[in-house]
>>> print(open('input.tsv').read())   # TSV, C-alpha atoms
chain	number	residue	atom	x	y	z
A	1	MET	CA	0.32	104.83	-87.77
A	2	SER	CA	-1.59	107.67	-86.25
A	3	ARG	CA	-4.76	106.20	-87.72
A	4	LEU	CA	-4.18	102.89	-85.98
A	5	ARG	CA	-3.58	104.56	-82.67
A	6	ALA	CA	-6.75	106.59	-83.08
A	7	LEU	CA	-8.68	103.38	-83.80
A	8	LEU	CA	-7.39	101.69	-80.69
A	9	ILE	CA	-8.29	104.64	-78.55
A	10	SER	CA	-11.79	104.62	-79.96
A	11	LEU	CA	-12.20	100.91	-79.22
A	12	THR	CA	-11.00	101.40	-75.72
A	13	ILE	CA	-13.45	104.14	-75.07
A	14	LEU	CA	-16.24	102.01	-76.51
A	15	ALA	CA	-15.32	99.07	-74.33
A	16	MET	CA	-15.37	101.21	-71.24
A	17	ALA	CA	-18.82	102.45	-72.16
A	18	VAL	CA	-20.25	98.97	-72.77
A	19	ALA	CA	-18.70	97.28	-69.73
A	20	PRO	CA	-21.16	98.61	-67.12
A	21	LEU	CA	-24.01	97.18	-69.15
A	22	LEU	CA	-22.48	93.76	-69.24
A	23	VAL	CA	-21.71	93.44	-65.47
A	24	PRO	CA	-25.36	92.81	-64.25
A	25	THR	CA	-25.74	90.00	-66.76
A	26	LEU	CA	-22.67	88.31	-65.50
A	27	THR	CA	-23.76	88.90	-61.93
A	28	ALA	CA	-27.21	87.40	-62.57
A	29	GLY	CA	-25.68	84.14	-63.77
A	30	GLY	CA	-23.36	83.96	-60.73
A	31	PRO	CA	-25.62	82.22	-58.17
A	32	SER	CA	-26.44	79.44	-60.57
A	33	SER	CA	-22.81	78.87	-61.20
A	34	SER	CA	-22.08	79.02	-57.48
A	35	ARG	CA	-24.77	76.44	-56.72
A	36	ALA	CA	-23.44	74.21	-59.45
A	37	TYR	CA	-19.99	74.48	-57.94
A	38	ALA	CA	-21.34	73.81	-54.52
A	39	ALA	CA	-23.13	70.71	-55.74
A	40	THR	CA	-20.04	69.56	-57.52
A	41	ALA	CA	-17.90	70.25	-54.49
A	42	GLY	CA	-20.41	68.52	-52.20
A	43	ALA	CA	-20.46	65.33	-54.21
A	44	PRO	CA	-17.21	64.00	-52.81
A	45	VAL	CA	-18.43	64.79	-49.34
A	46	SER	CA	-21.51	62.66	-49.96
A	47	GLN	CA	-19.30	59.94	-51.30
A	48	ASP	CA	-17.08	60.22	-48.26
A	49	ASN	CA	-20.15	60.00	-46.06
A	50	ASP	CA	-21.21	56.92	-47.95
A	51	ASP	CA	-17.75	55.50	-47.50
A	52	GLU	CA	-17.90	56.24	-43.81
A	53	ASP	CA	-21.30	54.61	-43.63
A	54	ASN	CA	-19.93	51.63	-45.45
A	55	ASP	CA	-16.94	51.59	-43.16
A	56	ASP	CA	-19.19	51.88	-40.15
A	57	ASP	CA	-21.42	49.16	-41.50
A	58	ASP	CA	-18.41	47.00	-42.25
A	59	ASP	CA	-16.96	47.71	-38.85
A	60	GLU	CA	-20.26	46.94	-37.19
A	61	ASP	CA	-20.59	43.80	-39.28
A	62	ASN	CA	-17.09	42.85	-38.35
A	63	ASP	CA	-17.84	43.64	-34.73
A	64	ASP	CA	-20.97	41.53	-34.99
A	65	SER	CA	-18.90	38.79	-36.53
A	66	ASP	CA	-16.37	39.17	-33.75
A	67	ASN	CA	-19.18	39.11	-31.27
A	68	ASP	CA	-20.58	36.03	-32.93
A	69	ASP	CA	-17.15	34.44	-32.80
A	70	ALA	CA	-16.85	35.44	-29.19
A	71	ASP	CA	-20.27	34.02	-28.56
A	72	ASN	CA	-19.25	30.85	-30.32
A	73	ASP	CA	-16.09	30.74	-28.24
A	74	ASP	CA	-18.11	31.31	-25.13
A	75	ASP	CA	-20.49	28.59	-26.16
A	76	GLY	CA	-17.57	26.33	-26.85
A	77	ASP	CA	-16.03	27.23	-23.52
A	78	ASN	CA	-19.31	26.61	-21.82
A	79	GLN	CA	-19.59	23.33	-23.60
A	80	ASP	CA	-16.06	22.43	-22.50
A	81	ASP	CA	-16.91	23.49	-18.98
A	82	ASP	CA	-19.99	21.32	-19.10
A	83	ASP	CA	-17.91	18.45	-20.42
A	84	ASN	CA	-15.35	19.05	-17.73
A	85	GLN	CA	-18.09	19.18	-15.17
A	86	ASP	CA	-19.39	15.89	-16.49
A	87	ASP	CA	-15.90	14.44	-16.34
A	88	ASP	CA	-15.48	15.72	-12.80
A	89	ASP	CA	-18.82	14.27	-11.88
A	90	ASN	CA	-17.82	10.98	-13.43
A	91	ASP	CA	-14.49	11.07	-11.62
A	92	ASP	CA	-16.24	11.82	-8.35
A	93	SER	CA	-18.62	9.00	-9.02
A	94	ASP	CA	-15.71	6.69	-9.77
A	95	ASN	CA	-13.92	7.76	-6.63
A	96	ASP	CA	-17.03	7.24	-4.60
A	97	ASP	CA	-17.33	3.77	-6.04
A	98	GLY	CA	-13.70	3.12	-5.19
A	99	ASP	CA	-14.28	4.23	-1.61
A	100	ASP	CA	-17.28	1.98	-1.39
A	101	ASN	CA	-15.30	-0.94	-2.73
A	102	GLY	CA	-12.34	-0.24	-0.51
A	103	ASN	CA	-12.52	1.47	2.85
A	104	GLY	CA	-16.29	1.63	2.64
A	105	ASN	CA	-16.60	-2.12	2.65
A	106	ALA	CA	-14.34	-2.31	5.69
A	107	ASN	CA	-16.64	0.10	7.51
A	108	ASP	CA	-19.73	-1.73	6.31
A	109	ASN	CA	-18.31	-4.95	7.66
A	110	GLY	CA	-18.15	-3.37	11.09
A	111	ASP	CA	-14.38	-3.55	11.46
A	112	ASP	CA	-13.45	-1.03	14.16
A	113	GLY	CA	-9.73	-1.77	13.87
A	114	ASP	CA	-7.23	-4.53	13.64
A	115	VAL	CA	-8.58	-7.69	15.18
A	116	ALA	CA	-6.03	-9.60	17.19
A	117	PRO	CA	-5.67	-13.12	15.84
A	118	ALA	CA	-6.73	-15.92	18.09
A	119	PRO	CA	-3.78	-17.31	20.04
A	120	VAL	CA	-2.29	-20.36	18.45
A	121	THR	CA	-1.66	-23.19	20.87
A	122	ALA	CA	1.31	-25.29	19.96
A	123	ALA	CA	0.36	-28.88	19.52
A	124	PRO	CA	2.26	-31.33	21.72
A	125	ALA	CA	5.26	-32.83	20.00
A	126	ALA	CA	4.61	-36.25	18.55
A	127	PRO	CA	6.29	-39.03	20.51
A	128	SER	CA	9.53	-40.23	18.99
A	129	ALA	CA	9.66	-44.01	18.75
A	130	SER	CA	12.51	-46.30	17.77
A	131	ALA	CA	12.32	-49.33	15.57
A	132	CYS	CA	12.59	-52.63	17.32
A	133	THR	CA	16.05	-53.07	18.72
A	134	THR	CA	18.17	-56.11	17.99
A	135	PRO	CA	19.75	-57.90	20.92
A	136	GLY	CA	23.52	-57.38	20.97
A	137	GLN	CA	23.34	-54.03	19.09
A	138	GLU	CA	23.27	-50.49	20.45
A	139	THR	CA	20.28	-48.30	19.52
A	140	ALA	CA	19.55	-44.63	20.21
A	141	VAL	CA	16.24	-42.78	20.23
A	142	SER	CA	15.48	-39.08	20.89
A	143	SER	CA	12.49	-36.90	21.67
A	144	ALA	CA	10.95	-34.79	18.92
A	145	ASP	CA	12.79	-31.66	20.12
A	146	GLY	CA	16.08	-33.55	20.45
A	147	ARG	CA	16.66	-32.53	24.07
A	148	VAL	CA	15.99	-35.98	25.61
A	149	SER	CA	17.80	-39.09	24.36
A	150	ALA	CA	17.88	-42.75	25.33
A	151	ARG	CA	20.63	-45.23	24.55
A	152	VAL	CA	19.98	-48.96	24.47
A	153	PHE	CA	23.18	-50.91	25.07
A	154	SER	CA	24.20	-54.09	23.32
A	155	SER	CA	23.64	-55.89	26.61
A	156	MET	CA	19.86	-55.71	26.06
A	157	THR	CA	18.73	-59.33	25.80
A	158	GLN	CA	15.39	-58.80	24.08
A	159	SER	CA	14.02	-56.69	21.25
A	160	ILE	CA	12.21	-53.58	22.48
A	161	LYS	CA	10.64	-50.44	21.11
A	162	LEU	CA	11.19	-47.17	23.03
A	163	THR	CA	9.04	-44.03	22.79
A	164	ILE	CA	9.87	-40.62	24.35
A	165	ALA	CA	6.92	-38.22	24.72
A	166	SER	CA	7.91	-34.60	25.43
A	167	PRO	CA	6.76	-32.19	26.71
A	168	ILE	CA	4.15	-33.40	29.21
A	169	ASP	CA	1.42	-31.17	30.65
A	170	PRO	CA	2.60	-30.30	34.20
A	171	ALA	CA	-1.02	-30.33	35.39
A	172	SER	CA	-1.25	-34.04	34.61
A	173	VAL	CA	1.34	-34.99	37.26
A	174	PRO	CA	2.17	-33.90	40.83
A	175	PRO	CA	4.45	-30.85	41.23
A	176	ALA	CA	8.17	-31.56	40.94
A	177	PRO	CA	10.23	-31.55	44.19
A	178	GLY	CA	12.25	-28.56	42.94
A	179	ALA	CA	12.48	-25.95	40.19
A	180	VAL	CA	11.99	-27.65	36.82
A	181	VAL	CA	14.90	-27.00	34.44
A	182	GLY	CA	13.81	-25.78	31.02
A	183	GLY	CA	10.38	-27.43	31.31
A	184	GLN	CA	11.99	-30.86	30.98
A	185	LEU	CA	9.08	-33.11	31.95
A	186	PHE	CA	8.77	-36.20	29.74
A	187	GLN	CA	7.57	-39.84	29.57
A	188	ILE	CA	9.46	-42.95	28.46
A	189	VAL	CA	7.41	-45.90	27.25
A	190	ALA	CA	8.80	-49.36	26.41
A	191	GLN	CA	7.01	-52.00	24.36
A	192	THR	CA	7.71	-55.33	22.79
A	193	CYS	CA	7.88	-55.38	19.01
A	194	ASP	CA	4.26	-56.57	18.87
A	195	GLY	CA	3.09	-53.61	21.07
A	196	ALA	CA	2.83	-55.22	24.52
A	197	PRO	CA	3.82	-52.72	27.28
A	198	ILE	CA	6.99	-53.27	29.32
A	199	ALA	CA	7.03	-51.70	32.80
A	200	ALA	CA	10.66	-52.60	33.60
A	201	LEU	CA	13.48	-53.48	31.20
A	202	PRO	CA	15.61	-56.61	31.59
A	203	ALA	CA	18.75	-54.47	31.25
A	204	GLU	CA	19.77	-50.88	31.92
A	205	ILE	CA	19.52	-48.05	29.41
A	206	ASN	CA	20.98	-44.55	29.67
A	207	VAL	CA	18.74	-41.46	29.55
A	208	GLY	CA	20.30	-38.01	29.05
A	209	VAL	CA	18.73	-34.51	29.19
A	210	SER	CA	20.34	-31.38	27.72
A	211	TYR	CA	19.48	-27.77	28.65
A	212	SER	CA	20.56	-24.25	27.73
A	213	ASP	CA	22.34	-21.56	29.78
A	214	ALA	CA	19.06	-19.66	29.87
A	215	ASP	CA	17.34	-22.72	31.33
A	216	ALA	CA	19.95	-22.87	34.09
A	217	ALA	CA	20.05	-19.15	34.87
A	218	GLY	CA	19.81	-18.56	38.65
A	219	LEU	CA	20.04	-22.28	39.43
A	220	ASN	CA	22.82	-24.53	40.77
A	221	GLU	CA	23.64	-26.95	37.97
A	222	SER	CA	25.55	-29.24	40.33
A	223	ASN	CA	22.25	-29.97	42.06
A	224	PHE	CA	20.31	-30.86	38.90
A	225	THR	CA	18.55	-34.19	39.39
A	226	LEU	CA	16.54	-36.64	37.31
A	227	SER	CA	13.56	-37.99	39.23
A	228	ARG	CA	10.94	-40.55	38.30
A	229	LEU	CA	7.28	-40.46	39.33
A	230	ASP	CA	6.43	-43.38	41.60
A	231	THR	CA	2.81	-43.88	40.58
A	232	SER	CA	2.10	-46.20	43.54
A	233	ALA	CA	2.89	-43.39	46.01
A	234	ASN	CA	2.27	-40.52	43.58
A	235	GLN	CA	5.66	-39.09	44.50
A	236	TRP	CA	8.83	-38.13	42.65
A	237	ARG	CA	11.94	-40.18	43.50
A	238	ALA	CA	15.49	-39.45	42.38
A	239	THR	CA	17.06	-42.10	40.13
A	240	PRO	CA	19.81	-44.03	41.93
A	241	LYS	CA	22.44	-43.84	39.18
A	242	GLN	CA	22.91	-40.41	37.66
A	243	ALA	CA	25.63	-37.95	36.73
A	244	ALA	CA	25.62	-34.15	36.25
A	245	ASP	CA	27.80	-32.42	33.64
A	246	PRO	CA	27.39	-28.65	34.26
A	247	ALA	CA	30.11	-27.74	31.74
A	248	GLY	CA	28.27	-29.64	29.01
A	249	ASN	CA	24.75	-28.55	30.15
A	250	PHE	CA	23.85	-32.23	30.44
A	251	THR	CA	22.45	-34.59	33.11
A	252	SER	CA	22.10	-38.35	32.64
A	253	ALA	CA	20.93	-41.42	34.56
A	254	THR	CA	20.98	-45.18	34.14
A	255	ILE	CA	17.49	-46.62	34.52
A	256	THR	CA	15.40	-49.74	34.01
A	257	GLU	CA	11.92	-48.46	34.97
A	258	MET	CA	9.65	-46.69	32.50
A	259	GLY	CA	7.28	-43.81	33.26
A	260	TYR	CA	7.37	-40.03	33.88
A	261	TYR	CA	10.70	-38.25	34.46
A	262	VAL	CA	11.57	-34.65	35.33
A	263	LEU	CA	14.84	-32.67	35.48
A	264	HIS	CA	14.78	-30.35	38.47
A	265	GLN	CA	17.03	-28.62	40.98
A	266	ARG	CA	17.51	-30.62	44.19
>>> encode(input="input.tsv", output="structure tokens")
Amino acid sequence: MSRLRALLISLTILAMAVAPLLVPTLTAGGPSSSRAYAATAGAPVSQDNDDEDNDDDDDEDNDDSDNDDADNDDDGDNQDDDDNQDDDDNDDSDNDDGDDNGNGNANDNGDDGDVAPAPVTAAPAAPSASACTTPGQETAVSSADGRVSARVFSSMTQSIKLTIASPIDPASVPPAPGAVVGGQLFQIVAQTCDGAPIAALPAEINVGVSYSDADAAGLNESNFTLSRLDTSANQWRATPKQAADPAGNFTSATITEMGYYVLHQR
């Protein structure tokens, strides 16, 4: 046991003596090992840099792609704007055409406004004529407006044809001797059945004239008179047999002579 201990002590002393000699050798190999470690440690950094470069490149590529997409969108938008502009232009052109076809034509035609229509002159009423009467039978005939009527009694001894023309132009006859009632100026014409004129009838007929309240406004209906134009003297003469009916707005007379008649205030 003591021998073993002595051996261990000797080895320890020997190791302590040799150790200083070994330290420089280990130190000399240190830098190489350090550089190797540094290279090894730097490798991931290089790889990371490469990754960053790749990321940057990818990002830039993606950005470029985004930019390209944006450019494409812009181009598309521009194209749409151009199309819209074309549509607007077309719409404007269409509207212009519409204006030309509508209001434009009116202006081109020189219309400055509504043109008053030419006054329409009422045509004179057509004379109302009866068929040939038959002796012994009563016959009635009226003017076209229905306001003047003539009644042929059964006492008429010959066949006649009566015509009542109304209204008559006041300028074609002398002025009436009083205010004309409702413009009642008319002509009675008698003929034979073959068209020969009859100036005076062989028997009396009754002529009646109706009027409205408006026609009689401001007038005295009791003084309404039927007068006939005496063409030989060019004067109006009251008929000898007449009757006024103010309540019925009616005046009548029994006559035999044909010609122009007027209802007026006496």
>>> residues_around(input="input.tsv", residues="A:Thr231", least_positions_apart="5", cutoff="12 Å", atoms="all atoms listed in the file", output="PyMOL selection string")
chain A and resi 173-174+199+236-237+257-261
>>> write_last_selection(input="input.tsv", atoms="C-alpha atoms", output="compact mmCIF listing (two decimals), in the frame of the given file")
# COMPACT_ATOMS: atom_id res chain seq x y z
CA VAL A 173 1.34 -34.99 37.26
CA PRO A 174 2.17 -33.90 40.83
CA ALA A 199 7.03 -51.70 32.80
CA TRP A 236 8.83 -38.13 42.65
CA ARG A 237 11.94 -40.18 43.50
CA GLU A 257 11.92 -48.46 34.97
CA MET A 258 9.65 -46.69 32.50
CA GLY A 259 7.28 -43.81 33.26
CA TYR A 260 7.37 -40.03 33.88
CA TYR A 261 10.70 -38.25 34.46
>>> atom_distance(input="input.tsv", atom1="atom CA of A:Ile164", atom2="atom CA of A:Glu204")
16.1 Å
>>> atom_distance(input="input.tsv", atom1="atom CA of A:Phe153", atom2="atom CA of A:Ser212")
26.9 Å
>>> residues_around(input="input.tsv", residues="A:Ala140", least_positions_apart="4", cutoff="12 Å", atoms="all atoms listed in the file", output="ChimeraX atom specification")
/A:128-134,146,148-154,160-164,205-208
>>> closest_residue(input="input.tsv", among="A:Asp245, A:Pro177, A:Gln158, A:Thr256", to="A:Tyr211", atoms="all atoms listed in the file")
A:Asp245
>>> closest_residue(input="input.tsv", among="A:Leu263, A:Ala203, A:Leu229, A:Ala196", to="A:Gly178", atoms="only C-alpha atoms")
A:Leu263
>>> atom_distance(input="input.tsv", atom1="atom CA of A:Asn220", atom2="atom CA of A:Val180")
11.9 Å
>>> residues_around(input="input.tsv", residues="A:Asp213", least_positions_apart="2", cutoff="12 Å", atoms="all atoms listed in the file", output="PyMOL selection string")
chain A and resi 181-182+210-211+215-221+246-250
>>> closest_residue(input="input.tsv", among="A:Leu226, A:Ala171, A:Ala17, A:Leu11", to="A:Gln265", atoms="all atoms listed in the file")
A:Leu226
